[in-house]
Amino acid sequence: MTSPERARVAVVGHVEWADFARVERLPAPGEIVHALEAWQAPAGGGGVAAVQLARLAGECLFLTALGDDELGHRAQRELGALGVRVEAAWRPAPQRRAFVHLDANAERTITVIGERHAPRRADALPWPELEGFDAVYFTAGDAGAAQAARAARRLVATVRAIEPLAAAGVQLDMLVASANDAGERYGPGDIDPPPRLVARTDGAAGGSLETADGRRTHWEAAPLPGPPVDSYGAGDSFAGGLTYGLAKGLAPEAALALAARCGAACVTGRGPYGAQLTGPPAV
């Protein structure tokens with residue numbers, strides 16, 4: 001059952017400042033290609049999911065760490081302009097960056113530059129606010145940050161943060177993993193206690209939902225609401241939609257259906273924010 005009240009949602013995670021270049025195709029070794037279009041935006045898993053949550057819920061608290069330089073401060077301002085309340089710990093190292101090629105097949109290829117900044121429990125961030133939140137999505141942080149995030153009613157996390165999650169010893173309500181990507185696999189025993197549910201995404205084939213006792217069901221991918229433009233941010237928008245659905249009290253299957261719609265919508269827009277689903281959505 002869904003609640004009529006606005007969901008209180010947050011993200012604990014990271015930001016990458018991204019340079020996007022649209023090309024007909026990726027360059028072959030030694031070749032030069034010319035960008036058809038280029039732009040910049042604050043992105044990365046935490047930032048994209050936070051904007052998707054803000055667009056569904058009306059607001060989103062984002063606890064993060066940023067480089068104390070021009071790009072770090074610009075990321076905070078621009079995420080704020082997208083509706084996210086950004087609370088940042090400032091690091092002396094430069095803001096992490098990414099270069100993203102977007103080709104004619106709507107595929108993205110990413111080069112990451114620099115150290116990833118992740119929030120730590122020792123940072124002077126408003127961790128106590130997370131208690132009582134309906135849901136938190138965790139993309140990066142130390143074990144203490146994951147423990148602080150567990151104060152929320154629902155805790156969703158990406159398997160990309162598996163090391164701090166394993167060290168934290170907290171139970172996740174949902175872990176988002178991949179059925180195919182070797183860097184986003186989850187296996188029994190990787191986290192103790194095991195997550196209550198594991199969502200394994202499989203692109204256009206949908207994905208599977210697995211319970212802690214091994215029962216598995218399948219969900220279908222949502223149809224694209226328009227022509228594909230680029231796939232950057234689709235997975236992070238999916239995670240944001242999933243977190244919002246669980247925050248609203250949807251059953252896991254209904255939350256995954258909403259998440260699939262968020263991922264599909266993102267693919268039809270320029271960059272991660274051009275076509276994200278805006279709410280409150282019909283569920």
# chains A, B, ... in the order shown; residues from 1 in each chain; ligands from 1

call {"tool": "residues_around", "arguments": {"residues": "A:Asp202", "least_positions_apart": "5", "cutoff": "8 Å", "atoms": "only C-alpha atoms", "output": "list of chain:residue names"}}
result
A:Ser178, A:Ala179, A:Asn180, A:Gly207, A:Ser208

call {"tool": "closest_atom_pairs", "arguments": {"of": "stretch 59-121 of chain A", "to": "stretch 126-146 of chain A", "cutoff": "8 Å", "atoms": "only C-alpha atoms", "output": "CSV"}}
result
residue,atom,partner,partner_atom,distance
A:Leu63,CA,A:Pro126,CA,7.9
A:Glu87,CA,A:Pro126,CA,7.7
A:Ala118,CA,A:Gly141,CA,4.7
A:Pro119,CA,A:Gly141,CA,4.8
A:Arg120,CA,A:Asp142,CA,5.3
A:Arg121,CA,A:Ala145,CA,4.6

call {"tool": "write_last_selection", "arguments": {"atoms": "C-alpha atoms", "output": "compact mmCIF listing (two decimals), in the first residue's frame"}}
result
# COMPACT_ATOMS: atom_id res chain seq x y z
CA LEU A 63 25.31 13.07 1.73
CA GLU A 87 25.51 18.12 2.12
CA ALA A 118 33.19 8.96 -0.61
CA PRO A 119 31.57 10.20 2.61
CA ARG A 120 32.83 8.85 5.91
CA ARG A 121 30.96 8.50 9.19

call {"tool": "select_by_dssp", "arguments": {"residues": "stretch 53-225 of chain A", "states": "strand (DSSP E)", "output": "MDAnalysis selection string"}}
result
chainID A and resid 60:67 84:91 97:102 108:113 135:138 155:158 174:178 197:201 207:211 216:219

call {"tool": "residues_around", "arguments": {"residues": "A:Asp68", "least_positions_apart": "6", "cutoff": "8 Å", "atoms": "only C-alpha atoms", "output": "PyMOL selection string"}}
result
chain A and resi 90-95

call {"tool": "select_by_dssp", "arguments": {"residues": "stretch 174-269 of chain A", "states": "alpha helix (DSSP H)", "output": "ChimeraX atom specification"}}
result
/A:234-247,252-267

call {"tool": "closest_residue", "arguments": {"among": "A:Glu24, A:Glu16, A:Asp190, A:Asp173", "to": "A:Gly114", "atoms": "only C-alpha atoms"}}
result
A:Glu16

call {"tool": "closest_residue", "arguments": {"among": "A:Ala7, A:Cys266, A:Ile113, A:Ala239", "to": "A:Ala98", "atoms": "only C-alpha atoms"}}
result
A:Ile113

call {"tool": "atom_distance", "arguments": {"atom1": "atom CA of A:Thr268", "atom2": "atom CA of A:Asp19"}}
result
18.9 Å

call {"tool": "closest_residue", "arguments": {"among": "A:Val176, A:Ala264, A:Ala166, A:Ala21", "to": "A:Val33", "atoms": "only C-alpha atoms"}}
result
A:Ala21

call {"tool": "atom_distance", "arguments": {"atom1": "atom CA of A:Ala161", "atom2": "atom CA of A:Ala43"}}
result
16.9 Å

call {"tool": "closest_residue", "arguments": {"among": "A:Ala57, A:Phe62, A:Ala35, A:Gly226", "to": "A:Gly245", "atoms": "only C-alpha atoms"}}
result
A:Ala57

call {"tool": "atom_distance", "arguments": {"atom1": "atom CA of A:Gln147", "atom2": "atom CA of A:Pro280"}}
result
29.1 Å

call {"tool": "residues_around", "arguments": {"residues": "A:Ile162", "least_positions_apart": "5", "cutoff": "10 Å", "atoms": "only C-alpha atoms", "output": "list in words"}}
result
Thr139, Ala140, Ala157, Ala167, Ala168, Leu175, Glu184, Arg185, Tyr186, Asp190 and Ile191 of chain A

call {"tool": "residues_around", "arguments": {"residues": "A:Gln276", "least_positions_apart": "3", "cutoff": "12 Å", "atoms": "only C-alpha atoms", "output": "PyMOL selection string"}}
result
chain A and resi 48-56+82+224-225+231-238+240-241+259-273+279+281

call {"tool": "closest_residue", "arguments": {"among": "A:Gly46, A:Gly249, A:Gly274, A:Gly30", "to": "A:Arg153", "atoms": "only C-alpha atoms"}}
result
A:Gly249

call {"tool": "closest_residue", "arguments": {"among": "A:Glu59, A:Ala122, A:Trp17, A:Pro193", "to": "A:Ile110", "atoms": "only C-alpha atoms"}}
result
A:Trp17
